[in-house]
$ cat protein.tsv   # TSV, N, CA and C atoms
chain	number	residue	atom	x	y	z
A	523	MET	N	-2.75	3.05	24.11
A	523	MET	CA	-2.72	1.83	23.35
A	523	MET	C	-1.99	0.77	24.17
A	524	ARG	N	-2.59	-0.38	24.26
A	524	ARG	CA	-1.96	-1.52	24.94
A	524	ARG	C	-1.13	-2.32	23.95
A	525	ARG	N	-0.28	-3.16	24.50
A	525	ARG	CA	0.57	-4.00	23.66
A	525	ARG	C	-0.28	-4.86	22.71
A	526	SER	N	-1.35	-5.44	23.24
A	526	SER	CA	-2.22	-6.28	22.41
A	526	SER	C	-2.87	-5.46	21.28
A	527	GLU	N	-3.24	-4.21	21.57
A	527	GLU	CA	-3.81	-3.35	20.54
A	527	GLU	C	-2.76	-3.00	19.49
A	528	PHE	N	-1.52	-2.78	19.93
A	528	PHE	CA	-0.43	-2.51	19.00
A	528	PHE	C	-0.25	-3.69	18.04
A	529	LEU	N	-0.17	-4.88	18.60
A	529	LEU	CA	0.05	-6.07	17.78
A	529	LEU	C	-1.11	-6.30	16.80
A	530	ARG	N	-2.33	-6.06	17.26
A	530	ARG	CA	-3.50	-6.19	16.40
A	530	ARG	C	-3.46	-5.15	15.30
A	531	ALA	N	-3.10	-3.91	15.63
A	531	ALA	CA	-3.03	-2.84	14.64
A	531	ALA	C	-1.99	-3.14	13.57
A	532	VAL	N	-0.83	-3.64	13.99
A	532	VAL	CA	0.22	-3.99	13.03
A	532	VAL	C	-0.26	-5.10	12.10
A	533	ASP	N	-0.91	-6.11	12.66
A	533	ASP	CA	-1.43	-7.21	11.83
A	533	ASP	C	-2.48	-6.71	10.84
A	534	LEU	N	-3.38	-5.85	11.31
A	534	LEU	CA	-4.43	-5.33	10.43
A	534	LEU	C	-3.86	-4.46	9.32
A	535	GLU	N	-2.89	-3.63	9.65
A	535	GLU	CA	-2.34	-2.70	8.66
A	535	GLU	C	-1.38	-3.37	7.68
A	536	PHE	N	-0.55	-4.27	8.16
A	536	PHE	CA	0.53	-4.80	7.33
A	536	PHE	C	0.38	-6.26	6.93
A	537	GLY	N	-0.58	-6.95	7.51
A	537	GLY	CA	-0.84	-8.33	7.11
A	537	GLY	C	0.37	-9.23	7.23
A	538	ALA	N	0.69	-9.93	6.16
A	538	ALA	CA	1.78	-10.91	6.16
A	538	ALA	C	3.15	-10.28	6.43
A	539	ARG	N	3.28	-8.99	6.20
A	539	ARG	CA	4.56	-8.31	6.43
A	539	ARG	C	4.74	-7.87	7.88
A	540	ALA	N	3.72	-8.00	8.71
A	540	ALA	CA	3.75	-7.47	10.07
A	540	ALA	C	4.94	-7.98	10.88
A	541	SER	N	5.16	-9.26	10.88
A	541	SER	CA	6.25	-9.84	11.68
A	541	SER	C	7.60	-9.32	11.21
A	542	ALA	N	7.81	-9.30	9.91
A	542	ALA	CA	9.09	-8.82	9.38
A	542	ALA	C	9.31	-7.34	9.70
A	543	LEU	N	8.26	-6.54	9.59
A	543	LEU	CA	8.41	-5.11	9.88
A	543	LEU	C	8.77	-4.86	11.34
A	544	THR	N	8.15	-5.60	12.25
A	544	THR	CA	8.41	-5.35	13.67
A	544	THR	C	9.77	-5.87	14.12
A	545	THR	N	10.31	-6.84	13.41
A	545	THR	CA	11.61	-7.40	13.82
A	545	THR	C	12.78	-6.94	12.98
A	546	ASP	N	12.54	-6.43	11.78
A	546	ASP	CA	13.64	-6.09	10.88
A	546	ASP	C	13.81	-4.60	10.59
A	547	LEU	N	12.72	-3.84	10.62
A	547	LEU	CA	12.79	-2.42	10.27
A	547	LEU	C	13.29	-1.61	11.45
A	548	VAL	N	14.45	-0.99	11.30
A	548	VAL	CA	15.04	-0.16	12.35
A	548	VAL	C	14.47	1.25	12.21
A	549	LEU	N	13.95	1.77	13.32
A	549	LEU	CA	13.28	3.06	13.33
A	549	LEU	C	14.13	4.10	14.04
A	550	ASP	N	14.54	5.14	13.31
A	550	ASP	CA	15.34	6.21	13.89
A	550	ASP	C	14.63	6.87	15.07
A	551	ALA	N	13.31	7.05	14.93
A	551	ALA	CA	12.52	7.73	15.95
A	551	ALA	C	12.50	6.98	17.28
A	552	LEU	N	12.88	5.71	17.24
A	552	LEU	CA	12.88	4.89	18.46
A	552	LEU	C	14.30	4.59	18.92
A	553	GLY	N	15.22	5.47	18.56
A	553	GLY	CA	16.60	5.28	19.00
A	553	GLY	C	17.30	4.15	18.25
A	554	ASN	N	17.00	4.05	16.96
A	554	ASN	CA	17.59	3.01	16.11
A	554	ASN	C	17.29	1.61	16.62
A	555	ARG	N	16.03	1.41	17.01
A	555	ARG	CA	15.55	0.10	17.45
A	555	ARG	C	14.47	-0.37	16.49
A	556	THR	N	14.26	-1.68	16.47
A	556	THR	CA	13.09	-2.21	15.78
A	556	THR	C	11.90	-2.04	16.71
A	557	ALA	N	10.71	-2.23	16.17
A	557	ALA	CA	9.51	-2.14	17.01
A	557	ALA	C	9.55	-3.19	18.11
A	558	ALA	N	10.01	-4.39	17.78
A	558	ALA	CA	10.10	-5.47	18.78
A	558	ALA	C	11.09	-5.09	19.88
A	559	GLU	N	12.22	-4.53	19.51
A	559	GLU	CA	13.21	-4.11	20.51
A	559	GLU	C	12.67	-2.99	21.38
A	560	ALA	N	11.94	-2.08	20.77
A	560	ALA	CA	11.36	-0.96	21.52
A	560	ALA	C	10.32	-1.46	22.53
A	561	LEU	N	9.52	-2.44	22.13
A	561	LEU	CA	8.55	-3.03	23.07
A	561	LEU	C	9.28	-3.66	24.25
A	562	GLU	N	10.32	-4.42	23.96
A	562	GLU	CA	11.09	-5.08	25.01
A	562	GLU	C	11.78	-4.07	25.93
A	563	ALA	N	12.15	-2.92	25.38
A	563	ALA	CA	12.81	-1.88	26.17
A	563	ALA	C	11.82	-1.08	27.01
A	564	GLY	N	10.52	-1.33	26.81
A	564	GLY	CA	9.51	-0.67	27.63
A	564	GLY	C	8.94	0.60	27.05
A	565	LEU	N	9.22	0.91	25.80
A	565	LEU	CA	8.63	2.10	25.19
A	565	LEU	C	7.12	1.90	25.04
A	566	ALA	N	6.40	2.99	25.04
A	566	ALA	CA	4.95	2.92	24.93
A	566	ALA	C	4.53	2.39	23.56
A	567	PRO	N	3.62	1.41	23.54
A	567	PRO	CA	3.16	0.87	22.26
A	567	PRO	C	2.63	1.93	21.30
A	568	ARG	N	1.96	2.95	21.84
A	568	ARG	CA	1.44	4.02	20.96
A	568	ARG	C	2.57	4.77	20.29
A	569	GLU	N	3.63	5.06	21.02
A	569	GLU	CA	4.79	5.73	20.45
A	569	GLU	C	5.41	4.88	19.34
A	570	ILE	N	5.50	3.59	19.58
A	570	ILE	CA	6.07	2.67	18.60
A	570	ILE	C	5.18	2.61	17.36
A	571	TRP	N	3.87	2.50	17.58
A	571	TRP	CA	2.92	2.45	16.47
A	571	TRP	C	3.04	3.69	15.59
A	572	LEU	N	3.08	4.87	16.21
A	572	LEU	CA	3.15	6.11	15.44
A	572	LEU	C	4.48	6.21	14.69
A	573	ALA	N	5.57	5.76	15.28
A	573	ALA	CA	6.87	5.78	14.60
A	573	ALA	C	6.86	4.81	13.41
A	574	LEU	N	6.27	3.64	13.60
A	574	LEU	CA	6.18	2.66	12.52
A	574	LEU	C	5.30	3.20	11.39
A	575	CYS	N	4.20	3.84	11.74
A	575	CYS	CA	3.32	4.43	10.73
A	575	CYS	C	4.02	5.53	9.94
A	576	ALA	N	4.74	6.38	10.65
A	576	ALA	CA	5.45	7.48	9.98
A	576	ALA	C	6.51	6.93	9.02
A	577	GLU	N	7.23	5.93	9.46
A	577	GLU	CA	8.31	5.36	8.63
A	577	GLU	C	7.77	4.65	7.39
A	578	THR	N	6.58	4.07	7.49
A	578	THR	CA	6.03	3.29	6.37
A	578	THR	C	4.93	4.04	5.62
A	579	ASP	N	4.79	5.33	5.91
A	579	ASP	CA	3.83	6.19	5.21
A	579	ASP	C	2.38	5.73	5.32
A	580	VAL	N	1.99	5.25	6.48
A	580	VAL	CA	0.58	4.94	6.73
A	580	VAL	C	-0.16	6.27	6.82
A	581	PRO	N	-1.25	6.42	6.06
A	581	PRO	CA	-1.99	7.70	6.10
A	581	PRO	C	-2.51	8.00	7.51
A	582	PRO	N	-2.53	9.27	7.89
A	582	PRO	CA	-2.97	9.65	9.24
A	582	PRO	C	-4.34	9.10	9.62
A	583	GLU	N	-5.26	8.99	8.67
A	583	GLU	CA	-6.60	8.51	9.00
A	583	GLU	C	-6.62	7.03	9.41
A	584	ARG	N	-5.53	6.30	9.15
A	584	ARG	CA	-5.45	4.90	9.56
A	584	ARG	C	-4.55	4.69	10.77
A	585	ARG	N	-4.08	5.77	11.39
A	585	ARG	CA	-3.16	5.65	12.52
A	585	ARG	C	-3.85	5.66	13.87
A	586	TYR	N	-5.00	6.24	13.97
A	586	TYR	CA	-5.63	6.46	15.27
A	586	TYR	C	-6.83	5.56	15.48
A	587	GLY	N	-6.89	4.94	16.65
A	587	GLY	CA	-8.02	4.10	17.01
A	587	GLY	C	-7.96	2.68	16.49
A	588	VAL	N	-6.91	2.34	15.78
A	588	VAL	CA	-6.80	0.97	15.26
A	588	VAL	C	-6.32	0.03	16.36
A	589	GLY	N	-6.66	-1.23	16.20
A	589	GLY	CA	-6.23	-2.23	17.16
A	589	GLY	C	-7.21	-2.46	18.29
A	590	ARG	N	-8.16	-1.56	18.43
A	590	ARG	CA	-9.15	-1.71	19.50
A	590	ARG	C	-10.25	-2.67	19.06
A	591	LEU	N	-10.69	-3.46	19.99
A	591	LEU	CA	-11.82	-4.34	19.72
A	591	LEU	C	-13.11	-3.56	19.85
A	592	GLU	N	-14.13	-3.98	19.13
A	592	GLU	CA	-15.44	-3.37	19.27
A	592	GLU	C	-15.98	-3.67	20.66
A	593	PRO	N	-16.67	-2.71	21.28
A	593	PRO	CA	-17.23	-2.97	22.60
A	593	PRO	C	-18.22	-4.13	22.56
A	594	ARG	N	-18.25	-4.90	23.62
A	594	ARG	CA	-19.20	-6.01	23.71
A	594	ARG	C	-20.58	-5.46	23.93
A	595	ARG	N	-21.53	-6.07	23.26
A	595	ARG	CA	-22.94	-5.66	23.43
A	595	ARG	C	-23.59	-6.59	24.42
A	596	ARG	N	-24.41	-6.03	25.23
A	596	ARG	CA	-25.11	-6.85	26.24
A	596	ARG	C	-26.50	-7.17	25.81
$ encode --input "protein.tsv" --output "structure tokens"
Amino acid sequence: MRRSEFLRAVDLEFGARASALTTDLVLDALGNRTAAEALEAGLAPREIWLALCAETDVPPERRYGVGRLEPRRR
């Protein structure tokens, strides 16, 4: 997962709460960092996404493959 895919996934899953969740919610799984702090520290976006999903009870079926754009058709 790329950073852009992470940000897109957070927006799609959490909508208007996305910004607040990434800057305010401290995640134990990320060493007591917020998602934004973890990104700045260089942690993998996929690791951050999965920690955020686990903390906010996102169902497993909505955790994988999100944030990706549809392939371009030629």
$ atom_distance --input "protein.tsv" --atom1 "atom CA of A:Asp550" --atom2 "atom CA of A:Phe528"
18.7 Å
$ residues_around --input "protein.tsv" --residues "A:Leu561" --least-positions-apart "6" --cutoff "8 Å" --atoms "all atoms listed in the file" --output "JSON, numbers by chain"
{"A": [555, 567, 570]}
$ closest_residue --input "protein.tsv" --among "A:Leu574, A:Glu559, A:Tyr586, A:Asp579" --to "A:Val532" --atoms "only C-alpha atoms"
A:Leu574
$ select_by_dssp --input "protein.tsv" --residues "chain A" --states "strand (DSSP E)" --output "list of chain:residue names"
A:Val548, A:Leu549, A:Arg555, A:Thr556
$ write_last_selection --input "protein.tsv" --atoms "N, CA and C atoms" --output "PDB file, in the frame of the given file"
ATOM      1  N   VAL A 548      14.450  -0.990  11.300  1.00  0.00           N
ATOM      2  CA  VAL A 548      15.040  -0.160  12.350  1.00  0.00           C
ATOM      3  C   VAL A 548      14.470   1.250  12.210  1.00  0.00           C
ATOM      4  N   LEU A 549      13.950   1.770  13.320  1.00  0.00           N
ATOM      5  CA  LEU A 549      13.280   3.060  13.330  1.00  0.00           C
ATOM      6  C   LEU A 549      14.130   4.100  14.040  1.00  0.00           C
ATOM      7  N   ARG A 555      16.030   1.410  17.010  1.00  0.00           N
ATOM      8  CA  ARG A 555      15.550   0.100  17.450  1.00  0.00           C
ATOM      9  C   ARG A 555      14.470  -0.370  16.490  1.00  0.00           C
ATOM     10  N   THR A 556      14.260  -1.680  16.470  1.00  0.00           N
ATOM     11  CA  THR A 556      13.090  -2.210  15.780  1.00  0.00           C
ATOM     12  C   THR A 556      11.900  -2.040  16.710  1.00  0.00           C
TER      13      THR A 556
END
$ atom_distance --input "protein.tsv" --atom1 "atom CA of A:Pro582" --atom2 "atom C of A:Glu535"
13.2 Å
$ select_by_dssp --input "protein.tsv" --residues "chain A" --states "helix (DSSP H, G or I)" --output "number ranges by chain"
A: 525-546, 550-552, 557-562, 567-577, 582-584
$ closest_residue --input "protein.tsv" --among "A:Glu527, A:Asp533, A:Glu569, A:Glu583" --to "A:Leu552" --atoms "only C-alpha atoms"
A:Glu569
$ residues_around --input "protein.tsv" --residues "A:Phe536" --least-positions-apart "6" --cutoff "12 Å" --atoms "only C-alpha atoms" --output "PDB file with N, CA and C atoms, keeping the file's coordinate frame"
ATOM      1  N   PHE A 528      -1.520  -2.780  19.930  1.00  0.00           N
ATOM      2  CA  PHE A 528      -0.430  -2.510  19.000  1.00  0.00           C
ATOM      3  C   PHE A 528      -0.250  -3.690  18.040  1.00  0.00           C
ATOM      4  N   LEU A 529      -0.170  -4.880  18.600  1.00  0.00           N
ATOM      5  CA  LEU A 529       0.050  -6.070  17.780  1.00  0.00           C
ATOM      6  C   LEU A 529      -1.110  -6.300  16.800  1.00  0.00           C
ATOM      7  N   ARG A 530      -2.330  -6.060  17.260  1.00  0.00           N
ATOM      8  CA  ARG A 530      -3.500  -6.190  16.400  1.00  0.00           C
ATOM      9  C   ARG A 530      -3.460  -5.150  15.300  1.00  0.00           C
ATOM     10  N   ALA A 542       7.810  -9.300   9.910  1.00  0.00           N
ATOM     11  CA  ALA A 542       9.090  -8.820   9.380  1.00  0.00           C
ATOM     12  C   ALA A 542       9.310  -7.340   9.700  1.00  0.00           C
ATOM     13  N   LEU A 543       8.260  -6.540   9.590  1.00  0.00           N
ATOM     14  CA  LEU A 543       8.410  -5.110   9.880  1.00  0.00           C
ATOM     15  C   LEU A 543       8.770  -4.860  11.340  1.00  0.00           C
ATOM     16  N   THR A 544       8.150  -5.600  12.250  1.00  0.00           N
ATOM     17  CA  THR A 544       8.410  -5.350  13.670  1.00  0.00           C
ATOM     18  C   THR A 544       9.770  -5.870  14.120  1.00  0.00           C
ATOM     19  N   TRP A 571       3.870   2.500  17.580  1.00  0.00           N
ATOM     20  CA  TRP A 571       2.920   2.450  16.470  1.00  0.00           C
ATOM     21  C   TRP A 571       3.040   3.690  15.590  1.00  0.00           C
ATOM     22  N   LEU A 574       6.270   3.640  13.600  1.00  0.00           N
ATOM     23  CA  LEU A 574       6.180   2.660  12.520  1.00  0.00           C
ATOM     24  C   LEU A 574       5.300   3.200  11.390  1.00  0.00           C
ATOM     25  N   CYS A 575       4.200   3.840  11.740  1.00  0.00           N
ATOM     26  CA  CYS A 575       3.320   4.430  10.730  1.00  0.00           C
ATOM     27  C   CYS A 575       4.020   5.530   9.940  1.00  0.00           C
ATOM     28  N   THR A 578       6.580   4.070   7.490  1.00  0.00           N
ATOM     29  CA  THR A 578       6.030   3.290   6.370  1.00  0.00           C
ATOM     30  C   THR A 578       4.930   4.040   5.620  1.00  0.00           C
ATOM     31  N   ASP A 579       4.790   5.330   5.910  1.00  0.00           N
ATOM     32  CA  ASP A 579       3.830   6.190   5.210  1.00  0.00           C
ATOM     33  C   ASP A 579       2.380   5.730   5.320  1.00  0.00           C
ATOM     34  N   VAL A 580       1.990   5.250   6.480  1.00  0.00           N
ATOM     35  CA  VAL A 580       0.580   4.940   6.730  1.00  0.00           C
ATOM     36  C   VAL A 580      -0.160   6.270   6.820  1.00  0.00           C
ATOM     37  N   ARG A 584      -5.530   6.300   9.150  1.00  0.00           N
ATOM     38  CA  ARG A 584      -5.450   4.900   9.560  1.00  0.00           C
ATOM     39  C   ARG A 584      -4.550   4.690  10.770  1.00  0.00           C
TER      40      ARG A 584
END
$ atom_distance --input "protein.tsv" --atom1 "atom C of A:Met523" --atom2 "atom C of A:Pro581"
18.2 Å
$ closest_residue --input "protein.tsv" --among "A:Arg539, A:Ala573, A:Ala563, A:Arg568" --to "A:Ala551" --atoms "all atoms listed in the file"
A:Ala573
$ decode --input "protein.tsv" --residues "stretch 563-576 of chain A" --atoms "all heavy atoms" --output "mmCIF file, in the first residue's frame"
data_model
loop_
_atom_site.group_PDB
_atom_site.id
_atom_site.type_symbol
_atom_site.label_atom_id
_atom_site.label_comp_id
_atom_site.auth_asym_id
_atom_site.auth_seq_id
_atom_site.Cartn_x
_atom_site.Cartn_y
_atom_site.Cartn_z
ATOM 1 N N ALA A 563 7.054 9.081 10.754
ATOM 2 C CA ALA A 563 8.163 8.290 11.288
ATOM 3 C C ALA A 563 8.647 7.229 10.302
ATOM 4 O O ALA A 563 9.638 6.556 10.553
ATOM 5 C CB ALA A 563 7.753 7.630 12.609
ATOM 6 N N GLY A 564 7.926 7.075 9.189
ATOM 7 C CA GLY A 564 8.358 6.143 8.161
ATOM 8 C C GLY A 564 7.777 4.748 8.258
ATOM 9 O O GLY A 564 8.235 3.840 7.546
ATOM 10 N N LEU A 565 6.783 4.532 9.099
ATOM 11 C CA LEU A 565 6.152 3.220 9.168
ATOM 12 C C LEU A 565 5.397 2.953 7.867
ATOM 13 O O LEU A 565 4.943 3.883 7.192
ATOM 14 C CB LEU A 565 5.194 3.133 10.348
ATOM 15 C CG LEU A 565 5.818 2.739 11.691
ATOM 16 C CD1 LEU A 565 6.720 3.823 12.207
ATOM 17 C CD2 LEU A 565 4.753 2.392 12.677
ATOM 18 N N ALA A 566 5.259 1.695 7.544
ATOM 19 C CA ALA A 566 4.584 1.308 6.305
ATOM 20 C C ALA A 566 3.104 1.679 6.361
ATOM 21 O O ALA A 566 2.416 1.372 7.342
ATOM 22 C CB ALA A 566 4.728 -0.195 6.084
ATOM 23 N N PRO A 567 2.602 2.337 5.306
ATOM 24 C CA PRO A 567 1.180 2.708 5.285
ATOM 25 C C PRO A 567 0.241 1.533 5.512
ATOM 26 O O PRO A 567 -0.776 1.668 6.176
ATOM 27 C CB PRO A 567 1.002 3.315 3.892
ATOM 28 C CG PRO A 567 2.344 3.852 3.550
ATOM 29 C CD PRO A 567 3.310 2.860 4.139
ATOM 30 N N ARG A 568 0.597 0.358 4.996
ATOM 31 C CA ARG A 568 -0.263 -0.822 5.197
ATOM 32 C C ARG A 568 -0.335 -1.196 6.669
ATOM 33 O O ARG A 568 -1.409 -1.527 7.186
ATOM 34 C CB ARG A 568 0.263 -1.996 4.376
ATOM 35 C CG ARG A 568 -0.596 -3.233 4.516
ATOM 36 C CD ARG A 568 -0.112 -4.320 3.553
ATOM 37 N NE ARG A 568 -0.909 -5.501 3.624
ATOM 38 C CZ ARG A 568 -2.119 -5.647 3.091
ATOM 39 N NH1 ARG A 568 -2.663 -4.648 2.454
ATOM 40 N NH2 ARG A 568 -2.783 -6.779 3.203
ATOM 41 N N GLU A 569 0.784 -1.141 7.364
ATOM 42 C CA GLU A 569 0.805 -1.432 8.799
ATOM 43 C C GLU A 569 -0.072 -0.437 9.554
ATOM 44 O O GLU A 569 -0.820 -0.802 10.465
ATOM 45 C CB GLU A 569 2.248 -1.366 9.311
ATOM 46 C CG GLU A 569 2.389 -1.587 10.795
ATOM 47 C CD GLU A 569 3.818 -1.411 11.289
ATOM 48 O OE1 GLU A 569 4.753 -1.269 10.471
ATOM 49 O OE2 GLU A 569 3.984 -1.415 12.523
ATOM 50 N N ILE A 570 0.012 0.817 9.179
ATOM 51 C CA ILE A 570 -0.781 1.869 9.825
ATOM 52 C C ILE A 570 -2.261 1.649 9.540
ATOM 53 O O ILE A 570 -3.102 1.734 10.446
ATOM 54 C CB ILE A 570 -0.326 3.261 9.346
ATOM 55 C CG1 ILE A 570 1.152 3.478 9.688
ATOM 56 C CG2 ILE A 570 -1.200 4.352 9.958
ATOM 57 C CD1 ILE A 570 1.775 4.663 8.988
ATOM 58 N N TRP A 571 -2.592 1.352 8.287
ATOM 59 C CA TRP A 571 -3.980 1.106 7.906
ATOM 60 C C TRP A 571 -4.570 -0.047 8.712
ATOM 61 O O TRP A 571 -5.665 0.057 9.256
ATOM 62 C CB TRP A 571 -4.064 0.821 6.406
ATOM 63 C CG TRP A 571 -5.382 0.303 5.946
ATOM 64 C CD1 TRP A 571 -5.642 -0.926 5.450
ATOM 65 C CD2 TRP A 571 -6.635 1.002 5.950
ATOM 66 N NE1 TRP A 571 -6.965 -1.057 5.147
ATOM 67 C CE2 TRP A 571 -7.612 0.122 5.443
ATOM 68 C CE3 TRP A 571 -7.033 2.276 6.336
ATOM 69 C CZ2 TRP A 571 -8.946 0.478 5.306
ATOM 70 C CZ3 TRP A 571 -8.365 2.627 6.203
ATOM 71 C CH2 TRP A 571 -9.309 1.744 5.698
ATOM 72 N N LEU A 572 -3.840 -1.153 8.813
ATOM 73 C CA LEU A 572 -4.357 -2.312 9.545
ATOM 74 C C LEU A 572 -4.507 -2.010 11.033
ATOM 75 O O LEU A 572 -5.477 -2.453 11.662
ATOM 76 C CB LEU A 572 -3.466 -3.525 9.305
ATOM 77 C CG LEU A 572 -3.480 -4.061 7.867
ATOM 78 C CD1 LEU A 572 -2.485 -5.200 7.706
ATOM 79 C CD2 LEU A 572 -4.888 -4.500 7.464
ATOM 80 N N ALA A 573 -3.595 -1.242 11.610
ATOM 81 C CA ALA A 573 -3.709 -0.863 13.024
ATOM 82 C C ALA A 573 -4.924 0.043 13.235
ATOM 83 O O ALA A 573 -5.670 -0.118 14.206
ATOM 84 C CB ALA A 573 -2.437 -0.162 13.485
ATOM 85 N N LEU A 574 -5.127 0.978 12.322
ATOM 86 C CA LEU A 574 -6.277 1.878 12.415
ATOM 87 C C LEU A 574 -7.580 1.092 12.273
ATOM 88 O O LEU A 574 -8.541 1.328 13.023
ATOM 89 C CB LEU A 574 -6.168 2.955 11.335
ATOM 90 C CG LEU A 574 -7.211 4.059 11.334
ATOM 91 C CD1 LEU A 574 -7.185 4.847 12.644
ATOM 92 C CD2 LEU A 574 -6.977 4.994 10.154
ATOM 93 N N CYS A 575 -7.611 0.152 11.345
ATOM 94 C CA CYS A 575 -8.801 -0.685 11.159
ATOM 95 C C CYS A 575 -9.098 -1.518 12.401
ATOM 96 O O CYS A 575 -10.253 -1.638 12.822
ATOM 97 C CB CYS A 575 -8.618 -1.606 9.960
ATOM 98 S SG CYS A 575 -8.700 -0.767 8.374
ATOM 99 N N ALA A 576 -8.062 -2.106 12.974
ATOM 100 C CA ALA A 576 -8.250 -2.938 14.170
ATOM 101 C C ALA A 576 -8.783 -2.092 15.331
ATOM 102 O O ALA A 576 -9.698 -2.517 16.046
ATOM 103 C CB ALA A 576 -6.944 -3.607 14.552
#
